[in-house]
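With compact mmCIF, C-alpha atoms inside, this is data_35.txt:
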```
# COMPACT_ATOMS: atom_id res chain seq x y z
CA MET A 621 0.00 0.00 0.00
CA THR A 622 2.79 2.31 0.92
CA ASP A 623 4.77 1.42 -2.17
CA ILE A 624 1.86 2.13 -4.49
CA PHE A 625 1.31 5.50 -2.86
CA ASP A 626 4.96 6.44 -3.15
CA ALA A 627 5.18 5.30 -6.74
CA SER A 628 2.11 7.34 -7.66
CA ARG A 629 3.53 10.44 -6.03
CA GLN A 630 6.87 9.99 -7.72
CA ARG A 631 5.23 9.60 -11.11
CA LEU A 632 3.15 12.75 -10.74
CA SER A 633 5.76 14.99 -9.27
CA PRO A 634 6.81 16.72 -12.56
CA LEU A 635 3.21 17.64 -13.25
CA ARG A 636 2.83 19.09 -9.78
CA LYS A 637 5.92 21.16 -10.25
CA THR A 638 4.51 22.84 -13.34
CA ARG A 639 1.26 23.59 -11.60
CA THR A 640 2.77 25.06 -8.48
CA ARG A 641 3.11 28.69 -9.29
CA ARG A 642 5.35 30.37 -6.73
CA LYS A 643 6.26 30.60 -3.12
CA MET A 644 4.44 33.43 -1.47
CA PRO A 645 5.36 34.96 1.85
CA GLN A 646 1.71 34.92 2.82
CA THR A 647 -0.03 31.62 2.54
CA ARG A 648 -2.52 31.37 -0.27
CA GLN A 649 -5.98 30.11 0.52
CA PRO A 650 -6.07 26.43 -0.35
CA ILE A 651 -8.32 25.69 -3.27
CA GLN A 652 -11.01 23.17 -2.54
CA GLU A 653 -11.30 20.08 -4.64
CA ASN A 654 -14.77 20.90 -5.80
CA GLN A 655 -13.99 24.55 -6.49
CA PRO A 656 -14.29 25.55 -10.14
CA GLY A 657 -10.87 25.68 -11.67
CA GLY A 658 -9.26 24.17 -8.61
CA LEU A 659 -6.80 21.37 -9.09
CA PRO A 660 -7.66 17.91 -7.83
CA ARG A 661 -5.54 17.33 -4.77
CA THR A 662 -5.56 13.57 -4.36
CA ASP A 663 -3.40 11.23 -6.29
CA GLN A 664 -6.43 9.09 -7.10
CA ASN A 665 -8.06 12.01 -8.86
CA GLN A 666 -4.85 12.82 -10.69
CA THR A 667 -4.67 9.38 -12.17
CA ASP A 668 -8.36 9.49 -13.11
CA GLN A 669 -7.94 12.66 -15.11
CA PRO A 670 -8.03 12.27 -18.87
CA GLN A 671 -4.62 12.38 -20.48
CA THR A 672 -5.52 15.44 -22.61
CA GLU A 673 -6.40 17.49 -19.57
CA GLN A 674 -3.14 16.57 -17.91
CA ASN A 675 -1.21 17.60 -20.99
CA GLN A 676 -3.15 20.84 -21.17
CA ALA A 677 -2.21 21.63 -17.60
CA ARG A 678 1.37 20.64 -18.28
CA PHE A 679 1.70 23.12 -21.13
CA HIS A 680 -0.01 26.00 -19.38
CA PRO A 681 2.51 28.65 -18.55
CA THR A 682 2.68 28.90 -14.80
CA HIS A 683 3.02 32.65 -14.92
CA ARG A 684 2.26 35.01 -17.75
CA HIS A 685 4.06 38.26 -18.25
CA VAL A 686 1.95 41.31 -17.47
CA ASP A 687 2.19 42.54 -21.07
CA GLU A 688 0.34 39.45 -22.22
CA TYR A 689 -2.84 40.31 -20.38
CA SER A 690 -2.66 44.02 -19.53
CA ALA A 691 -3.43 46.62 -22.17
CA VAL A 692 -2.32 49.35 -19.77
CA MET A 693 1.12 47.87 -19.26
CA ARG A 694 1.62 47.07 -22.92
CA GLU A 695 1.62 50.80 -23.59
CA GLU A 696 4.20 51.46 -20.91
CA ASN A 697 7.94 51.06 -21.23
CA PRO A 698 10.00 49.88 -18.26
CA GLU A 699 11.06 52.89 -16.23
CA VAL A 700 14.50 53.05 -14.66
CA LYS A 701 14.40 56.48 -13.01
CA PRO A 702 13.94 55.83 -9.28
CA LEU A 703 12.69 59.35 -8.53
CA ASN A 704 9.62 59.19 -10.73
CA ALA A 705 6.12 58.93 -9.29
CA TRP A 706 4.92 56.53 -11.99
CA ILE A 707 7.34 53.64 -12.50
CA PRO A 708 5.97 50.82 -14.65
CA LYS A 709 7.76 47.47 -14.73
CA PRO A 710 10.84 48.74 -12.87
CA PRO A 711 13.82 46.51 -13.62
CA ASN A 712 16.01 47.64 -10.72
CA ILE A 713 13.56 47.94 -7.85
CA THR A 714 12.70 45.19 -5.39
CA PHE A 715 11.10 45.08 -1.97
CA SER A 716 11.72 43.04 1.13
CA THR A 717 8.72 40.70 1.06
CA GLN A 718 8.90 40.06 -2.67
CA ALA A 719 8.53 36.42 -3.61
CA GLU A 720 11.01 34.73 -5.88
CA ASP A 721 8.68 34.69 -8.87
CA GLU A 722 6.76 37.86 -8.11
CA HIS A 723 7.25 40.87 -10.38
CA ILE A 724 6.57 44.52 -9.72
CA VAL A 725 4.09 45.71 -12.30
CA LEU A 726 3.83 49.30 -11.16
CA LEU A 727 5.38 51.42 -8.44
CA LEU A 728 3.61 54.62 -7.49
CA ARG A 729 4.39 57.63 -5.36
CA LYS A 730 2.46 60.76 -4.67
CA HIS A 731 2.43 63.09 -7.63
CA PRO A 732 5.36 65.55 -7.42
CA ILE A 733 2.98 68.50 -7.57
CA THR A 734 1.66 67.48 -4.13
CA GLN A 735 5.14 68.14 -2.75
CA ILE A 736 5.17 71.75 -3.87
CA GLY A 737 4.12 72.88 -0.38
CA TRP A 738 7.26 71.81 1.43
CA VAL A 739 9.48 72.80 -1.48
CA LEU A 740 8.14 76.37 -1.42
CA THR A 741 8.36 76.43 2.38
CA ALA A 742 12.01 75.36 2.20
CA ILE A 743 12.79 78.05 -0.36
CA LEU A 744 11.11 80.74 1.77
CA LEU A 745 12.90 79.55 4.90
CA ALA A 746 16.19 79.61 3.01
CA LEU A 747 15.59 83.27 2.16
CA MET A 748 14.62 84.31 5.69
CA PRO A 749 18.17 85.01 6.97
CA ILE A 750 18.63 87.58 4.19
CA LEU A 751 15.66 89.47 5.64
CA PHE A 752 16.87 89.10 9.23
CA TYR A 753 20.41 90.16 8.54
CA GLY A 754 19.28 92.85 6.12
CA VAL A 755 17.34 94.71 8.84
CA GLY A 756 19.97 93.97 11.47
CA ALA A 757 17.62 92.02 13.70
CA LEU A 758 20.51 90.10 15.26
CA SER A 759 23.07 92.86 15.22
CA PHE A 760 23.07 93.16 19.03
CA PHE A 761 24.64 89.66 19.20
CA PRO A 762 28.38 89.17 18.85
CA TRP A 763 29.52 87.98 15.43
CA ASN A 764 30.13 84.37 16.56
CA TYR A 765 26.56 84.05 17.87
CA GLN A 766 25.21 85.49 14.64
CA LEU A 767 27.21 82.94 12.67
CA ALA A 768 26.04 80.13 14.95
CA ALA A 769 22.41 81.22 14.49
CA LEU A 770 22.86 81.23 10.73
CA ILE A 771 24.45 77.77 10.73
CA LEU A 772 21.75 76.37 13.02
CA TRP A 773 19.00 77.84 10.84
CA TYR A 774 20.31 76.17 7.70
CA LEU A 775 20.95 72.95 9.60
CA LEU A 776 17.31 72.79 10.72
CA LEU A 777 16.23 73.63 7.19
CA THR A 778 18.36 70.76 5.86
CA GLY A 779 16.70 68.43 8.37
CA PHE A 780 13.25 69.60 7.34
CA THR A 781 14.06 69.06 3.66
CA ILE A 782 15.60 65.62 4.19
CA GLU A 783 12.63 64.43 6.23
CA ALA A 784 10.11 65.72 3.70
CA PHE A 785 12.00 64.13 0.83
CA LEU A 786 12.36 60.76 2.59
CA LYS A 787 8.68 60.78 3.48
CA TRP A 788 7.83 61.23 -0.18
CA TYR A 789 10.46 58.86 -1.52
CA PHE A 790 9.69 55.91 0.75
CA HIS A 791 5.91 56.31 0.80
CA VAL A 792 5.21 54.01 -2.13
CA PHE A 793 2.39 51.95 -3.49
CA ILE A 794 3.49 48.77 -5.19
CA ILE A 795 1.38 46.69 -7.52
CA THR A 796 2.81 43.30 -8.34
CA ASP A 797 1.28 40.53 -10.40
CA GLU A 798 0.16 38.98 -7.10
CA ARG A 799 -0.41 41.71 -4.53
CA VAL A 800 -0.90 45.36 -3.80
CA ILE A 801 1.41 46.78 -1.16
CA ASP A 802 1.10 50.07 0.63
CA VAL A 803 4.30 51.26 2.30
CA ASP A 804 3.44 54.17 4.57
CA PHE A 805 6.35 56.26 5.73
CA LEU A 806 4.48 58.98 7.54
CA SER A 807 7.37 60.23 9.61
CA LEU A 808 10.89 59.24 10.49
CA VAL A 809 9.65 57.16 13.40
CA TYR A 810 6.55 55.63 11.81
CA LYS A 811 6.54 52.96 9.14
CA HIS A 812 3.59 50.83 8.17
CA VAL A 813 3.53 48.19 5.46
CA SER A 814 0.30 46.49 4.44
CA ALA A 815 -0.40 44.12 1.60
CA ALA A 816 -3.37 42.40 0.03
CA LYS A 817 -3.53 39.72 -2.60
CA VAL A 818 -5.04 40.70 -5.91
CA ASP A 819 -7.60 37.91 -5.72
CA ASN A 820 -8.85 39.43 -2.45
CA ILE A 821 -9.68 42.73 -4.10
CA GLU A 822 -13.40 43.29 -4.34
CA ASP A 823 -13.74 46.81 -5.54
CA VAL A 824 -11.48 49.46 -7.02
CA THR A 825 -12.48 53.11 -7.21
CA SER A 826 -10.53 56.09 -8.45
CA VAL A 827 -11.37 59.65 -7.49
CA THR A 828 -10.04 62.78 -9.16
CA SER A 829 -11.41 65.95 -7.69
CA GLY A 830 -10.39 69.55 -7.65
CA PHE A 831 -8.58 71.91 -9.95
CA PHE A 832 -5.03 70.68 -9.45
CA GLN A 833 -5.96 67.00 -9.59
CA SER A 834 -7.76 67.51 -12.88
CA LEU A 835 -4.99 69.68 -14.29
CA PHE A 836 -2.12 67.37 -13.40
CA ASN A 837 -4.09 64.13 -13.72
CA TYR A 838 -3.64 62.63 -10.29
CA GLY A 839 -6.02 61.42 -7.62
CA ASN A 840 -6.83 58.74 -5.08
CA VAL A 841 -7.41 55.08 -5.72
CA TYR A 842 -9.48 53.19 -3.16
CA ILE A 843 -9.16 49.41 -3.04
CA GLN A 844 -11.69 47.45 -1.05
CA THR A 845 -10.44 44.02 -0.03
CA ALA A 846 -12.26 40.99 1.24
CA GLY A 847 -11.58 39.29 4.52
CA ALA A 848 -10.59 41.93 6.98
CA LYS A 849 -12.84 44.43 5.16
CA ARG A 850 -10.04 46.88 4.86
CA GLU A 851 -9.58 49.58 2.35
CA PHE A 852 -6.30 50.45 0.73
CA GLN A 853 -5.87 54.00 -0.29
CA PHE A 854 -3.33 55.12 -2.86
CA GLU A 855 -3.25 58.84 -2.25
CA SER A 856 -2.55 61.44 -4.92
CA VAL A 857 -1.07 58.97 -7.39
CA PRO A 858 -0.61 59.84 -11.06
CA PHE A 859 -3.09 58.48 -13.63
CA PRO A 860 -5.64 56.99 -11.19
CA ALA A 861 -7.86 55.79 -14.03
CA LYS A 862 -4.98 53.80 -15.49
CA VAL A 863 -4.25 52.30 -12.06
CA THR A 864 -7.87 51.22 -11.75
CA ARG A 865 -7.83 49.65 -15.22
CA LEU A 866 -4.60 47.84 -14.40
CA LEU A 867 -5.99 46.47 -11.14
CA ASN A 868 -9.10 45.25 -12.93
CA GLU A 869 -6.90 43.51 -15.49
CA LEU A 870 -4.92 41.86 -12.71
CA ILE A 871 -8.12 40.68 -11.04
CA LEU A 872 -9.32 39.20 -14.32
CA GLU A 873 -5.99 37.48 -14.81
CA GLU A 874 -6.20 35.96 -11.33
CA GLU A 875 -9.65 34.63 -12.17
CA GLN A 876 -8.35 33.33 -15.47
CA GLU A 877 -5.53 31.56 -13.68
CA LYS A 878 -8.03 29.84 -11.43
CA ILE A 879 -10.17 28.78 -14.37
CA GLU A 880 -7.19 27.44 -16.28
CA GLY A 881 -5.85 25.69 -13.23
CA ARG A 882 -2.63 27.62 -13.06
CA VAL A 883 -2.81 28.01 -9.32
CA SER A 884 -1.74 25.46 -6.78
CA MET B 926 9.49 87.20 15.54
CA MET B 927 13.03 88.25 16.31
CA LEU B 928 12.18 91.74 15.13
CA ILE B 929 9.57 91.99 17.89
CA PHE B 930 11.93 90.75 20.53
CA SER B 931 15.01 92.66 19.48
CA PRO B 932 14.17 95.88 21.45
CA LEU B 933 13.68 93.69 24.52
CA PHE B 934 17.06 92.07 24.09
CA GLN B 935 18.69 95.41 23.44
CA ALA B 936 17.08 96.82 26.58
CA LEU B 937 18.35 93.88 28.60
CA MET B 938 21.84 94.26 27.28
CA VAL B 939 22.25 97.99 27.77
CA PRO B 940 24.21 98.41 31.04
CA GLU B 941 22.47 101.60 32.18
CA GLN B 942 19.05 99.98 32.27
CA ASP B 943 20.06 97.03 34.46
CA PHE B 944 20.33 96.87 38.22
CA MET B 945 23.30 94.55 37.70
CA SER B 946 26.34 95.47 35.71
CA GLY B 947 25.85 95.33 31.92
CA LEU B 948 28.73 92.97 31.40
CA THR B 949 27.32 90.39 33.82
CA MET B 950 23.85 90.56 32.32
CA GLN B 951 25.23 90.19 28.84
CA SER B 952 27.37 87.26 29.90
CA VAL B 953 24.39 85.53 31.44
CA MET B 954 22.30 86.07 28.33
CA LEU B 955 25.03 84.83 26.04
CA GLY B 956 25.58 81.84 28.31
CA VAL B 957 21.92 80.97 28.07
CA PHE B 958 22.05 81.28 24.29
CA LYS B 959 25.19 79.15 24.16
CA ILE B 960 23.46 76.37 26.11
CA MET B 961 20.44 76.65 23.84
CA PHE B 962 22.59 76.39 20.72
CA LEU B 963 24.40 73.35 22.09
CA ILE B 964 21.17 71.62 23.11
CA LEU B 965 19.67 72.24 19.68
CA ALA B 966 22.81 70.92 18.00
CA LEU B 967 22.66 67.80 20.21
CA ILE B 968 18.98 67.25 19.37
CA TYR B 969 19.84 67.66 15.73
CA LEU B 970 22.59 65.07 16.07
CA ALA B 971 20.03 62.61 17.45
CA PHE B 972 17.79 63.45 14.50
CA ALA B 973 20.67 62.73 12.08
CA VAL B 974 21.17 59.32 13.71
CA ILE B 975 17.45 58.57 13.34
CA VAL B 976 17.66 59.56 9.67
CA ILE B 977 20.48 57.05 9.14
CA ARG B 978 18.54 54.34 10.96
CA GLN B 979 15.39 54.99 8.94
CA ILE B 980 17.25 55.02 5.64
CA LYS B 981 18.83 51.67 6.54
CA LEU B 982 15.45 50.29 7.58
CA MET B 983 13.76 51.49 4.42
CA LYS B 984 16.69 50.28 2.34
CA SER B 985 15.69 46.74 3.24
CA THR B 986 12.02 47.50 2.60
CA LEU B 987 12.43 49.12 -0.80
CA ILE B 988 15.60 48.45 -2.75
CA THR B 989 16.29 50.93 -5.53
CA THR B 990 19.30 52.17 -7.43
CA LEU B 991 19.19 55.38 -5.42
CA THR B 992 19.63 53.60 -2.07
CA PRO B 993 23.47 53.82 -1.92
CA THR B 994 23.26 57.56 -2.68
CA LEU B 995 20.68 58.05 0.08
CA ILE B 996 22.86 56.20 2.59
CA SER B 997 25.83 58.36 1.60
CA VAL B 998 23.75 61.51 2.02
CA GLY B 999 22.62 60.29 5.44
CA TYR B 1000 26.20 59.73 6.59
CA ILE B 1001 27.37 63.10 5.22
CA HIS B 1002 24.46 64.69 7.09
CA LEU B 1003 25.54 62.93 10.30
CA VAL B 1004 29.16 64.05 9.91
CA VAL B 1005 28.06 67.64 9.28
CA SER B 1006 25.87 67.52 12.42
CA ILE B 1007 28.79 66.30 14.53
CA ALA B 1008 31.08 68.95 12.99
CA ILE B 1009 28.60 71.69 13.79
CA LEU B 1010 28.22 70.52 17.38
CA ILE B 1011 32.01 70.64 17.79
CA LEU B 1012 32.10 74.02 16.06
CA PHE B 1013 29.53 75.40 18.51
CA PHE B 1014 31.68 74.24 21.43
CA PHE B 1015 34.64 76.21 20.18
CA LEU B 1016 32.88 79.10 18.46
CA LEU B 1017 30.61 80.17 21.28
```
As structure tokens, what does this structure read like?
Amino acid sequence: MTDIFDASRQRLSPLRKTRTRRKMPQTRQPIQENQPGGLPRTDQNQTDQPQTEQNQARFHPTHRHVDEYSAVMREENPEVKPLNAWIPKPPNITFSTQAEDEHIVLLLRKHPITQIGWVLTAILLALMPILFYGVGALSFFPWNYQLAALILWYLLLTGFTIEAFLKWYFHVFIITDERVIDVDFLSLVYKHVSAAKVDNIEDVTSVTSGFFQSLFNYGNVYIQTAGAKREFQFESVPFPAKVTRLLNELILEEEQEKIEGRVS
Amino acid sequence: MMLIFSPLFQALMVPEQDFMSGLTMQSVMLGVFKIMFLILALIYLAFAVIVIRQIKLMKSTLITTLTPTLISVGYIHLVVSIAILILFFFLL
């Protein structure tokens, strides 16, 4: 009995390998045997399958490139500039929880126009000492104290600029062919990373409102996920309509994978 | 803000208007300012260390081609903060 079981498993192992898609850091929900598109899990069922179906499954690609199923991404060229807010198919960017076979489809940041506030503030603060020293507001201090005040002012300004830049740079929204990931970097002492699988997405909404958002084509994308009933929010990202279309294409691809039996 | 307070400081530092000698009052005021400058520089040094730590933490979260540059900027920032703290010790 044991020998038969082992022999059956050994014989079917190459087929299983082709059907197993990738190792994910978060465990995928196991597909039930009677679920549409789900693979039969027992060896008995494997052997009962018609030969044609087995061959079909064998020749299914385990993972299609995003260009094959996404019209949005077909129009986009891979972007290598790490400072952009819209980075499709980045070749040189990875993230810590990325699975071996998982690919970043799109990396988003807040639109640069949303950063104009702190940039203007920094410029104004940089000009302030000219005003102060011009009217002699600190002239009653000895020269060394005046110099120290000037140095300290620009030091604090540098700190303000660095913090604002890092907050923008590391606050990213990542869409892979498997998951959506929201990396919140709200301050230097607060980091929050949340992720949801694409097949858990229930609803995607994009909102563009206001003069600047319409002019510069950016807005919010709200992603409602199943399970914990949480909502992801991609704030002020460029081309929100494109993001929504892409997410819908990814959801359809996930469903297609289930139907074709390309999931484990 | 400093424009508003400058007459007050000037009044405090003019010897004739103080019950103590002008030199002593001025010394006290400058001493207070020196301590304030040094404390601010120390706080800023702590901030520079936090910046380095956060860049390193985020480097492992999001790996880009700009990461080595950001780490270098963080270390330069830290060195400048230390240099300014030392400068304040000797300058003031």
Point-to-point distance from CA of Glu798 (chain A) to CA of Thr714 (chain A), Å rounded to tenths
14.1 Å
Could the residues of chain A within 7 Å of chain B, counting only C-alpha atoms, be given as a CSV table (one decimal) with C-alpha atoms, keeping the file's coordinate frame, please?
```
chain,number,residue,atom,x,y,z
A,702,PRO,CA,13.9,55.8,-9.3
A,712,ASN,CA,16.0,47.6,-10.7
A,713,ILE,CA,13.6,47.9,-7.8
A,714,THR,CA,12.7,45.2,-5.4
A,715,PHE,CA,11.1,45.1,-2.0
A,716,SER,CA,11.7,43.0,1.1
A,757,ALA,CA,17.6,92.0,13.7
A,760,PHE,CA,23.1,93.2,19.0
A,764,ASN,CA,30.1,84.4,16.6
A,765,TYR,CA,26.6,84.0,17.9
A,768,ALA,CA,26.0,80.1,15.0
A,808,LEU,CA,10.9,59.2,10.5
```
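Counting all atoms listed in the file and comparing B:Leu967, B:Met961, B:Val974, B:Met950, the residue that lies closest to Ile996 (chain B) is B:Val974.
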Between CA of Ile750 (chain A) and CA of Tyr1000 (chain B), what is the distance, to one decimal in Å?
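Between these atoms lies a distance of 29.0 Å.
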Box dimensions and centre (Å, one decimal) enclosing region 802-819 of chain A, axis-aligned, 4 Å extra per side, as lines of an AutoDock Vina configuration file:
```
center_x = 1.6
center_y = 49.1
center_z = 3.7
size_x = 26.5
size_y = 30.3
size_z = 27.3
```
Separation of CA of Arg729 (chain A) and CA of Ile707 (chain A), in Å?
8.7 Å
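Using all atoms listed in the file, the protein and nucleic acid residues lying no more than 10 Å from Glu874 (chain A), apart from those fewer than 2 places from it along its own chain, are A:Asp797, A:Glu798, A:Lys817, A:Val818, A:Asp819, A:Asn820, A:Asn868, A:Glu869, A:Leu870, A:Ile871, A:Leu872, A:Gln876, A:Glu877, A:Lys878, A:Ile879, A:Glu880, A:Arg882, A:Val883.
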Can you tell me, as a PyMOL selection string, what residues are no more than 8 Å from Glu822 (chain A) when counting only C-alpha atoms, ignoring any on the same chain fewer than 2 positions away?
chain A and resi 820+824+843-846
Suppose we keep C-alpha atoms; can you now write the selection as a tab-separated table (two decimals), in the coordinates of the input?
```
chain	number	residue	atom	x	y	z
A	820	ASN	CA	-8.85	39.43	-2.45
A	824	VAL	CA	-11.48	49.46	-7.02
A	843	ILE	CA	-9.16	49.41	-3.04
A	844	GLN	CA	-11.69	47.45	-1.05
A	845	THR	CA	-10.44	44.02	-0.03
A	846	ALA	CA	-12.26	40.99	1.24
```
Nearest candidate to Tyr842 (chain A) (options A:Thr828, A:Ser759, A:Thr781, A:Thr796; using all atoms listed in the file):
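Distance minimum relative to Tyr842 (chain A) lands on A:Thr828.
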So which residues touch Val857 (chain A) within 6 Å, counting all atoms listed in the file, skipping near sequence neighbours fewer than 2 positions away, as a list in words?
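Those residues are Arg729, Lys730, His731, Tyr838, Gly839 and Glu855 of chain A.
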